[in-house]
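**Student:** To be precise about what I am sending: the file is called run.cif and holds mmCIF, C-alpha atoms; chains and numbers go by the auth columns.
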data_input
loop_
_atom_site.group_PDB
_atom_site.id
_atom_site.type_symbol
_atom_site.label_atom_id
_atom_site.label_comp_id
_atom_site.label_asym_id
_atom_site.label_seq_id
_atom_site.Cartn_x
_atom_site.Cartn_y
_atom_site.Cartn_z
_atom_site.B_iso_or_equiv
_atom_site.auth_seq_id
_atom_site.auth_asym_id
ATOM 1 C CA MET A 1 -55.939 181.539 8.942 0.00 1 A
ATOM 2 C CA TYR A 2 -54.888 183.748 6.082 0.00 2 A
ATOM 3 C CA SER A 3 -54.200 183.510 2.372 0.00 3 A
ATOM 4 C CA SER A 4 -50.678 182.686 1.231 0.00 4 A
ATOM 5 C CA GLY A 5 -49.095 185.322 -0.944 0.00 5 A
ATOM 6 C CA ASP A 6 -51.116 188.178 0.564 0.00 6 A
ATOM 7 C CA GLN A 7 -48.642 190.402 2.395 0.00 7 A
ATOM 8 C CA THR A 8 -51.373 192.604 3.887 0.00 8 A
ATOM 9 C CA ASP A 9 -53.208 189.608 5.353 0.00 9 A
ATOM 10 C CA ALA A 10 -49.915 188.198 6.673 0.00 10 A
ATOM 11 C CA ALA A 11 -49.000 191.500 8.346 0.00 11 A
ATOM 12 C CA MET A 12 -52.459 191.855 9.916 0.00 12 A
ATOM 13 C CA ALA A 13 -52.396 188.259 11.166 0.00 13 A
ATOM 14 C CA GLN A 14 -48.965 188.728 12.732 0.00 14 A
ATOM 15 C CA LEU A 15 -50.004 192.019 14.333 0.00 15 A
ATOM 16 C CA PHE A 16 -53.168 190.420 15.715 0.00 16 A
ATOM 17 C CA GLN A 17 -51.111 187.495 17.033 0.00 17 A
ATOM 18 C CA ALA A 18 -48.665 189.888 18.751 0.00 18 A
ATOM 19 C CA ASN A 19 -51.499 191.923 20.280 0.00 19 A
ATOM 20 C CA LEU A 20 -53.159 188.812 21.682 0.00 20 A
ATOM 21 C CA ALA A 21 -49.818 187.568 23.051 0.00 21 A
ATOM 22 C CA GLN A 22 -49.542 190.783 25.089 0.00 22 A
ATOM 23 C CA ILE A 23 -52.656 189.757 27.017 0.00 23 A
ATOM 24 C CA GLY A 24 -51.641 186.114 27.344 0.00 24 A
ATOM 25 C CA ILE A 25 -53.589 184.588 24.451 0.00 25 A
ATOM 26 C CA ARG A 26 -51.721 182.319 22.054 0.00 26 A
ATOM 27 C CA LEU A 27 -52.878 182.456 18.439 0.00 27 A
ATOM 28 C CA GLU A 28 -51.522 179.913 15.976 0.00 28 A
ATOM 29 C CA LEU A 29 -51.317 181.278 12.439 0.00 29 A
ATOM 30 C CA GLN A 30 -52.044 179.049 9.483 0.00 30 A
ATOM 31 C CA GLN A 31 -51.290 180.112 5.927 0.00 31 A
ATOM 32 C CA VAL A 32 -53.364 178.379 3.232 0.00 32 A
ATOM 33 C CA GLU A 33 -53.905 178.747 -0.493 0.00 33 A
ATOM 34 C CA ARG A 34 -56.531 181.332 -1.408 0.00 34 A
ATOM 35 C CA ALA A 35 -58.853 178.670 -2.872 0.00 35 A
ATOM 36 C CA ALA A 36 -58.897 176.774 0.440 0.00 36 A
ATOM 37 C CA LEU A 37 -59.611 179.966 2.373 0.00 37 A
ATOM 38 C CA LEU A 38 -62.456 180.911 0.022 0.00 38 A
ATOM 39 C CA GLU A 39 -63.940 177.419 0.301 0.00 39 A
ATOM 40 C CA LEU A 40 -63.988 177.757 4.090 0.00 40 A
ATOM 41 C CA ALA A 41 -65.373 181.302 4.046 0.00 41 A
ATOM 42 C CA TYR A 42 -68.017 180.819 1.363 0.00 42 A
ATOM 43 C CA GLY A 43 -68.625 177.087 1.588 0.00 43 A
ATOM 44 C CA ASP A 44 -70.943 175.058 3.775 0.00 44 A
ATOM 45 C CA THR A 45 -68.437 173.923 6.404 0.00 45 A
ATOM 46 C CA PRO A 46 -70.352 174.156 9.719 0.00 46 A
ATOM 47 C CA PRO A 47 -69.287 177.038 12.003 0.00 47 A
ATOM 48 C CA GLU A 48 -67.894 174.686 14.661 0.00 48 A
ATOM 49 C CA GLN A 49 -65.458 173.233 12.086 0.00 49 A
ATOM 50 C CA ARG A 50 -64.201 176.622 10.907 0.00 50 A
ATOM 51 C CA PRO A 51 -61.115 178.388 12.250 0.00 51 A
ATOM 52 C CA HIS A 52 -61.734 180.934 15.006 0.00 52 A
ATOM 53 C CA PHE A 53 -60.175 183.688 12.877 0.00 53 A
ATOM 54 C CA MET A 54 -59.684 183.939 9.142 0.00 54 A
ATOM 55 C CA SER A 55 -58.913 186.803 6.821 0.00 55 A
ATOM 56 C CA GLY A 56 -61.320 187.808 4.137 0.00 56 A
ATOM 57 C CA GLY A 57 -62.644 190.627 2.102 0.00 57 A
ATOM 58 C CA TRP A 58 -65.869 191.781 0.582 0.00 58 A
ATOM 59 C CA TRP A 59 -66.841 194.672 -1.656 0.00 59 A
ATOM 60 C CA PRO A 60 -70.372 195.923 -2.353 0.00 60 A
ATOM 61 C CA ASP A 61 -71.790 195.946 -5.851 0.00 61 A
ATOM 62 C CA TYR A 62 -73.182 199.455 -5.457 0.00 62 A
ATOM 63 C CA ASN A 63 -73.477 202.141 -2.785 0.00 63 A
ATOM 64 C CA ASP A 64 -76.739 201.081 -1.187 0.00 64 A
ATOM 65 C CA SER A 65 -77.422 200.035 2.409 0.00 65 A
ATOM 66 C CA TRP A 66 -79.317 196.886 1.372 0.00 66 A
ATOM 67 C CA ASN A 67 -76.431 195.781 -0.868 0.00 67 A
ATOM 68 C CA GLN A 68 -73.938 196.502 1.899 0.00 68 A
ATOM 69 C CA ILE A 69 -75.805 194.594 4.637 0.00 69 A
ATOM 70 C CA TYR A 70 -77.830 191.778 3.008 0.00 70 A
ATOM 71 C CA PRO A 71 -74.958 189.655 1.628 0.00 71 A
ATOM 72 C CA ASN A 72 -73.128 189.689 4.960 0.00 72 A
ATOM 73 C CA TYR A 73 -75.902 189.442 7.559 0.00 73 A
ATOM 74 C CA HIS A 74 -79.119 187.970 6.150 0.00 74 A
ATOM 75 C CA SER A 75 -79.808 184.337 7.090 0.00 75 A
ATOM 76 C CA ASP A 76 -80.367 183.535 3.407 0.00 76 A
ATOM 77 C CA SER A 77 -76.712 184.449 2.736 0.00 77 A
ATOM 78 C CA VAL A 78 -74.979 181.875 4.959 0.00 78 A
ATOM 79 C CA GLY A 79 -72.445 179.427 3.585 0.00 79 A
ATOM 80 C CA SER A 80 -72.440 178.906 -0.158 0.00 80 A
ATOM 81 C CA LYS A 81 -75.596 181.045 -0.549 0.00 81 A
ATOM 82 C CA GLY A 82 -73.771 184.330 0.050 0.00 82 A
ATOM 83 C CA SER A 83 -71.001 186.001 1.999 0.00 83 A
ATOM 84 C CA ASN A 84 -72.391 185.609 5.522 0.00 84 A
ATOM 85 C CA ALA A 85 -69.283 183.629 6.469 0.00 85 A
ATOM 86 C CA MET A 86 -70.015 184.147 10.174 0.00 86 A
ATOM 87 C CA PHE A 87 -73.342 182.270 9.873 0.00 87 A
ATOM 88 C CA TYR A 88 -74.971 185.220 11.662 0.00 88 A
ATOM 89 C CA ARG A 89 -78.718 184.783 12.016 0.00 89 A
ATOM 90 C CA ASN A 90 -81.293 187.141 13.481 0.00 90 A
ATOM 91 C CA PRO A 91 -84.965 186.870 12.404 0.00 91 A
ATOM 92 C CA GLU A 92 -85.574 190.571 13.121 0.00 92 A
ATOM 93 C CA VAL A 93 -82.643 191.613 10.909 0.00 93 A
ATOM 94 C CA ASP A 94 -83.977 189.300 8.182 0.00 94 A
ATOM 95 C CA ARG A 95 -87.465 190.838 8.464 0.00 95 A
ATOM 96 C CA LEU A 96 -86.114 194.404 8.310 0.00 96 A
ATOM 97 C CA MET A 97 -83.769 193.515 5.415 0.00 97 A
ATOM 98 C CA ASN A 98 -86.691 192.080 3.459 0.00 98 A
ATOM 99 C CA GLN A 99 -88.552 195.382 3.958 0.00 99 A
ATOM 100 C CA LEU A 100 -85.460 197.429 3.085 0.00 100 A
ATOM 101 C CA LYS A 101 -85.084 195.648 -0.252 0.00 101 A
ATOM 102 C CA ASP A 102 -88.378 197.156 -1.452 0.00 102 A
ATOM 103 C CA ALA A 103 -88.241 200.475 0.429 0.00 103 A
ATOM 104 C CA ALA A 104 -89.636 203.233 -1.780 0.00 104 A
ATOM 105 C CA THR A 105 -88.508 206.440 -0.076 0.00 105 A
ATOM 106 C CA GLU A 106 -85.228 207.749 1.321 0.00 106 A
ATOM 107 C CA ASP A 107 -86.878 208.229 4.726 0.00 107 A
ATOM 108 C CA GLU A 108 -87.958 204.575 4.782 0.00 108 A
ATOM 109 C CA ILE A 109 -84.470 203.465 3.716 0.00 109 A
ATOM 110 C CA ARG A 110 -82.874 205.566 6.482 0.00 110 A
ATOM 111 C CA ARG A 111 -85.338 204.326 9.117 0.00 111 A
ATOM 112 C CA LEU A 112 -84.927 200.638 8.254 0.00 112 A
ATOM 113 C CA THR A 113 -81.151 200.898 7.841 0.00 113 A
ATOM 114 C CA GLY A 114 -80.909 202.630 11.218 0.00 114 A
ATOM 115 C CA GLN A 115 -82.898 199.847 12.897 0.00 115 A
ATOM 116 C CA ILE A 116 -80.736 197.156 11.284 0.00 116 A
ATOM 117 C CA VAL A 117 -77.466 198.876 12.189 0.00 117 A
ATOM 118 C CA LYS A 118 -78.657 199.300 15.787 0.00 118 A
ATOM 119 C CA ILE A 119 -79.356 195.555 16.052 0.00 119 A
ATOM 120 C CA LEU A 120 -76.040 194.643 14.396 0.00 120 A
ATOM 121 C CA THR A 121 -74.209 196.988 16.756 0.00 121 A
ATOM 122 C CA TRP A 122 -75.896 195.352 19.739 0.00 122 A
ATOM 123 C CA ASP A 123 -75.449 191.761 18.455 0.00 123 A
ATOM 124 C CA ASP A 124 -71.847 192.457 17.400 0.00 124 A
ATOM 125 C CA PRO A 125 -71.516 189.594 14.861 0.00 125 A
ATOM 126 C CA ALA A 126 -68.150 187.867 14.830 0.00 126 A
ATOM 127 C CA ALA A 127 -66.125 190.109 12.544 0.00 127 A
ATOM 128 C CA ILE A 128 -63.308 192.589 12.757 0.00 128 A
ATOM 129 C CA PHE A 129 -63.619 195.194 10.047 0.00 129 A
ATOM 130 C CA TYR A 130 -60.825 197.391 8.857 0.00 130 A
ATOM 131 C CA ALA A 131 -60.884 200.161 6.305 0.00 131 A
ATOM 132 C CA GLN A 132 -59.663 200.135 2.751 0.00 132 A
ATOM 133 C CA ILE A 133 -56.136 201.407 2.386 0.00 133 A
ATOM 134 C CA LYS A 134 -56.239 205.125 1.615 0.00 134 A
ATOM 135 C CA LYS A 135 -55.808 205.846 -2.085 0.00 135 A
ATOM 136 C CA ALA A 136 -54.973 209.111 -3.810 0.00 136 A
ATOM 137 C CA ALA A 137 -55.567 210.380 -7.326 0.00 137 A
ATOM 138 C CA VAL A 138 -53.091 212.967 -8.581 0.00 138 A
ATOM 139 C CA LEU A 139 -54.199 215.072 -11.547 0.00 139 A
ATOM 140 C CA GLN A 140 -52.612 217.797 -13.592 0.00 140 A
ATOM 141 C CA LYS A 141 -54.205 221.243 -13.294 0.00 141 A
ATOM 142 C CA ASP A 142 -55.781 221.048 -16.753 0.00 142 A
ATOM 143 C CA ILE A 143 -57.774 217.825 -16.176 0.00 143 A
ATOM 144 C CA ARG A 144 -61.538 218.399 -15.906 0.00 144 A
ATOM 145 C CA GLY A 145 -64.521 216.125 -15.280 0.00 145 A
ATOM 146 C CA PHE A 146 -62.827 213.992 -12.630 0.00 146 A
ATOM 147 C CA VAL A 147 -65.277 212.537 -10.104 0.00 147 A
ATOM 148 C CA PRO A 148 -63.942 210.013 -7.564 0.00 148 A
ATOM 149 C CA ASN A 149 -65.817 206.715 -7.404 0.00 149 A
ATOM 150 C CA PRO A 150 -66.896 206.086 -3.782 0.00 150 A
ATOM 151 C CA ILE A 151 -67.340 202.343 -4.255 0.00 151 A
ATOM 152 C CA TYR A 152 -64.763 201.211 -6.780 0.00 152 A
ATOM 153 C CA ILE A 153 -61.644 202.974 -5.566 0.00 153 A
ATOM 154 C CA ASN A 154 -59.065 203.403 -8.335 0.00 154 A
ATOM 155 C CA SER A 155 -61.802 203.107 -10.973 0.00 155 A
ATOM 156 C CA TYR A 156 -62.073 206.228 -13.060 0.00 156 A
ATOM 157 C CA ASN A 157 -64.699 207.442 -15.490 0.00 157 A
ATOM 158 C CA PHE A 158 -62.121 208.382 -18.137 0.00 158 A
ATOM 159 C CA TRP A 159 -64.691 208.986 -20.879 0.00 159 A
ATOM 160 C CA ALA A 160 -66.131 211.860 -18.789 0.00 160 A
ATOM 161 C CA MET A 161 -62.732 213.517 -18.313 0.00 161 A
ATOM 162 C CA TRP A 162 -60.951 215.901 -20.635 0.00 162 A
ATOM 163 C CA ARG A 163 -57.917 218.126 -20.819 0.00 163 A
ATOM 164 C CA GLU A 164 -58.667 221.829 -20.903 0.00 164 A
ATOM 165 C CA ALA A 165 -56.428 224.114 -22.961 0.00 165 A
ATOM 166 C CA MET A 166 -54.439 226.385 -20.667 0.00 166 A
#
Turn the structure described in the file into structure tokens.

**Tutor:**
Amino acid sequence: MYSSGDQTDAAMAQLFQANLAQIGIRLELQQVERAALLELAYGDTPPEQRPHFMSGGWWPDYNDSWNQIYPNYHSDSVGSKGSNAMFYRNPEVDRLMNQLKDAATEDEIRRLTGQIVKILTWDDPAAIFYAQIKKAAVLQKDIRGFVPNPIYINSYNFWAMWREAM
């Protein structure tokens, strides 16, 4: 299932369908309005009534391991309570996430994040992740103060930039 009007989602769905066909698996594609897709992904429809595959996207609020993992994998984030659209639940991940939220040192953050990622890698929650399309920023030689934003790609801190006289 993918959102109508989204050419990237359509292309990925068709590619996935073709790849599965090569190994003898038939995948029926269903195009729906974005609102219907979001209702399924972030609503309370039970997992057994959801499609086996659906497109989706998520973006963190800030570059922090807790903010990257909690919304997608904590049990408190299932259904309409977050973006855990896979209804993934693991009490140990929840316990470690609750500790990570209040971690005070970088070493503690690294240790807890490492433990969580190890469990998620082993559990392999139902998701296929793909990277953000590569973006480029082209600047003239006299532009100074440019710092790329690692989270909000194509967002620029213009008020910190200036043109230097050449």

**Student:** I want to know what sits within 9 Å of A:Val32, based on all atoms listed in the file, with residues of the same chain fewer than 5 positions away left out; could you give that as a list of chain:residue names?

**Tutor:** A:Met1, A:Tyr2, A:Ser3, A:Ser4, A:Leu37

**Student:** If the PyMOL selection byres ((chain A and resi 53-68) around 9) is run on the structure shown, which residues does it catch, given as an MDAnalysis selection string?

**Tutor:** chainID A and resid 1:3 9 12:13 37:38 41 50:52 69:72 83 97 100:101 109:110 113 127 150:152

**Student:** Ranking A:Val117, A:Ala126, A:Met166, A:Leu29 by minimum distance to A:Gln140 and counting all atoms listed in the file, which one comes first?

**Tutor:**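 Among A:Val117, A:Ala126, A:Met166, A:Leu29, it is A:Met166 that comes nearest to A:Gln140.
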
**Student:** Separation of atom CA of A:Ala36 and atom CA of A:Tyr73, in Å?

**Tutor:** 22.4 Å

**Student:** When the PyMOL selection byres ((chain A and resi 142) around 7) is applied to the file above, which residues end up in the set, as a list in words?

**Tutor:** Gln140, Lys141, Ile143, Arg144, Arg163, Glu164, Ala165 and Met166 of chain A

**Student:** Which residues match the PyMOL selection byres ((chain A and resi 86-93) around 7) in the file above, as a list in words?

**Tutor:**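 After applying the PyMOL selection byres ((chain A and resi 86-93) around 7), what remains is Pro47, Tyr73, His74, Ser75, Val78, Gly79, Asn84, Ala85, Asp94, Arg95, Leu96, Met97, Ile116, Pro125 and Ala126 of chain A.
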
**Student:** What is the distance, in Å and to one decimal place, between atom CA of A:Val138 and atom CA of A:Ala11?

**Tutor:**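 So the answer is 27.6 Å.
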
**Student:** Around all listed atoms of stretch 56-71 of chain A, padded 4 Å per side, what centre and edge lengths does the axis-aligned box have in Å to one decimal, as AutoDock Vina command-line options?

**Tutor:**
--center_x -70.3 --center_y 195.0 --center_z -0.6 --size_x 26.0 --size_y 22.3 --size_z 18.5

**Student:** Record the distance separating atom CA of A:Leu40 and atom CA of A:Ser80, expressed in Å with one decimal.

**Tutor:**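 Atom CA of A:Leu40 sits 9.5 Å away from atom CA of A:Ser80.
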
**Student:** Got a sec: who's within 10 Å of A:Met161, counting only C-alpha atoms, leaving out chain neighbours fewer than 4 positions off, as a CSV table (one decimal) with C-alpha atoms, in the coordinates of the input?

**Tutor:**
chain,number,residue,atom,x,y,z
A,143,ILE,CA,-57.8,217.8,-16.2
A,144,ARG,CA,-61.5,218.4,-15.9
A,145,GLY,CA,-64.5,216.1,-15.3
A,146,PHE,CA,-62.8,214.0,-12.6
A,147,VAL,CA,-65.3,212.5,-10.1
A,156,TYR,CA,-62.1,206.2,-13.1
A,157,ASN,CA,-64.7,207.4,-15.5

**Student:** Starting from the block above, write stretch 2-126 of chain A out to a file with C-alpha atoms, as a short mmCIF file (atom, residue, chain, number, x, y, z; two decimals), in the first residue's frame, please.

**Tutor:**
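Okay, part20.cif is ready:
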data_model
loop_
_atom_site.label_atom_id
_atom_site.label_comp_id
_atom_site.auth_asym_id
_atom_site.auth_seq_id
_atom_site.Cartn_x
_atom_site.Cartn_y
_atom_site.Cartn_z
CA TYR A 2 1.36 3.39 -0.93
CA SER A 3 0.21 6.99 -1.10
CA SER A 4 -1.33 8.24 -4.33
CA GLY A 5 0.52 11.12 -5.92
CA ASP A 6 3.89 10.13 -4.45
CA GLN A 7 6.09 9.12 -7.37
CA THR A 8 8.93 7.93 -5.13
CA ASP A 9 6.62 5.63 -3.16
CA ALA A 10 5.08 4.34 -6.41
CA ALA A 11 8.51 3.59 -7.90
CA MET A 12 9.68 1.82 -4.74
CA ALA A 13 6.48 -0.23 -4.54
CA GLN A 14 6.79 -1.30 -8.18
CA LEU A 15 10.47 -2.18 -7.74
CA PHE A 16 9.67 -4.20 -4.61
CA GLN A 17 6.85 -5.96 -6.47
CA ALA A 18 9.19 -6.82 -9.37
CA ASN A 19 11.89 -8.10 -7.01
CA LEU A 20 9.43 -10.35 -5.19
CA ALA A 21 8.06 -11.64 -8.52
CA GLN A 22 11.57 -12.83 -9.42
CA ILE A 23 11.44 -15.24 -6.48
CA GLY A 24 7.85 -16.31 -7.10
CA ILE A 25 6.02 -14.06 -4.64
CA ARG A 26 3.04 -12.09 -5.91
CA LEU A 27 2.54 -8.67 -4.33
CA GLU A 28 -0.65 -6.75 -5.06
CA LEU A 29 -0.13 -2.99 -4.97
CA GLN A 30 -2.83 -0.73 -3.62
CA GLN A 31 -2.70 3.04 -4.03
CA VAL A 32 -4.67 5.03 -1.45
CA GLU A 33 -5.05 8.67 -0.48
CA ARG A 34 -2.39 9.91 1.92
CA ALA A 35 -4.95 10.47 4.70
CA ALA A 36 -6.05 6.82 4.54
CA LEU A 37 -2.44 5.63 4.63
CA LEU A 38 -1.65 7.84 7.63
CA GLU A 39 -4.75 6.61 9.45
CA LEU A 40 -3.58 3.02 8.98
CA ALA A 41 0.02 3.76 9.94
CA TYR A 42 -0.66 5.98 12.95
CA GLY A 43 -4.13 4.83 13.95
CA ASP A 44 -5.28 2.01 16.18
CA THR A 45 -6.15 -0.55 13.51
CA PRO A 46 -4.93 -3.89 14.95
CA PRO A 47 -1.79 -5.32 13.28
CA GLU A 48 -3.67 -8.30 11.84
CA GLN A 49 -5.99 -5.92 9.93
CA ARG A 50 -3.15 -3.86 8.45
CA PRO A 51 -1.59 -4.44 5.04
CA HIS A 52 1.56 -6.57 5.01
CA PHE A 53 3.54 -3.72 3.43
CA MET A 54 2.89 0.00 3.39
CA SER A 55 5.03 3.00 2.60
CA GLY A 56 5.75 5.59 5.19
CA GLY A 57 8.21 8.09 6.43
CA TRP A 58 9.45 9.52 9.67
CA TRP A 59 11.88 12.27 10.58
CA PRO A 60 13.44 12.89 14.00
CA ASP A 61 12.89 16.14 15.84
CA TYR A 62 16.56 16.45 16.76
CA ASN A 63 19.78 14.46 16.40
CA ASP A 64 19.57 12.35 19.54
CA SER A 65 19.45 8.56 19.87
CA TRP A 66 16.45 8.64 22.23
CA ASN A 67 14.48 10.83 19.80
CA GLN A 68 15.43 8.56 16.91
CA ILE A 69 14.46 5.29 18.62
CA TYR A 70 11.67 6.00 21.15
CA PRO A 71 8.91 7.12 18.74
CA ASN A 72 9.41 4.09 16.51
CA TYR A 73 10.14 1.24 18.94
CA HIS A 74 8.86 1.95 22.45
CA SER A 75 5.66 0.12 23.43
CA ASP A 76 4.15 3.44 24.54
CA SER A 77 4.37 4.66 20.92
CA VAL A 78 2.13 2.07 19.23
CA GLY A 79 -0.89 3.08 17.19
CA SER A 80 -2.22 6.57 17.72
CA LYS A 81 0.21 7.15 20.63
CA GLY A 82 3.25 7.52 18.38
CA SER A 83 4.90 6.29 15.21
CA ASN A 84 5.50 2.66 16.18
CA ALA A 85 3.35 1.58 13.22
CA MET A 86 4.77 -1.95 13.41
CA PHE A 87 3.36 -2.43 16.94
CA TYR A 88 6.83 -3.62 17.98
CA ARG A 89 7.02 -4.43 21.68
CA ASN A 90 9.98 -5.55 23.76
CA PRO A 91 10.00 -4.93 27.54
CA GLU A 92 13.81 -4.81 27.63
CA VAL A 93 13.92 -2.15 24.90
CA ASP A 94 11.28 -0.18 26.83
CA ARG A 95 13.31 -0.43 30.05
CA LEU A 96 16.53 0.68 28.33
CA MET A 97 14.71 3.50 26.49
CA ASN A 98 13.30 4.78 29.78
CA GLN A 99 16.86 4.88 31.17
CA LEU A 100 18.21 6.51 28.00
CA LYS A 101 15.71 9.36 28.26
CA ASP A 102 17.36 10.55 31.49
CA ALA A 103 20.96 9.52 30.73
CA ALA A 104 23.33 12.17 32.07
CA THR A 105 26.64 11.38 30.37
CA GLU A 106 27.75 10.66 26.81
CA ASP A 107 29.20 7.32 27.95
CA GLU A 108 25.83 6.30 29.43
CA ILE A 109 24.04 7.41 26.26
CA ARG A 110 26.45 5.38 24.09
CA ARG A 111 26.18 2.30 26.32
CA LEU A 112 22.37 2.32 26.45
CA THR A 113 22.00 3.14 22.76
CA GLY A 114 24.38 0.31 21.89
CA GLN A 115 22.34 -2.16 23.95
CA ILE A 116 19.08 -1.02 22.34
CA VAL A 117 20.48 -1.18 18.80
CA LYS A 118 21.85 -4.67 19.47
CA ILE A 119 18.39 -5.87 20.56
CA LEU A 120 16.68 -4.16 17.61
CA THR A 121 19.20 -5.72 15.23
CA TRP A 122 18.52 -9.15 16.70
CA ASP A 123 14.71 -8.71 16.84
CA ASP A 124 14.64 -7.17 13.34
CA PRO A 125 11.27 -5.36 13.67
CA ALA A 126 9.12 -5.40 10.55
#
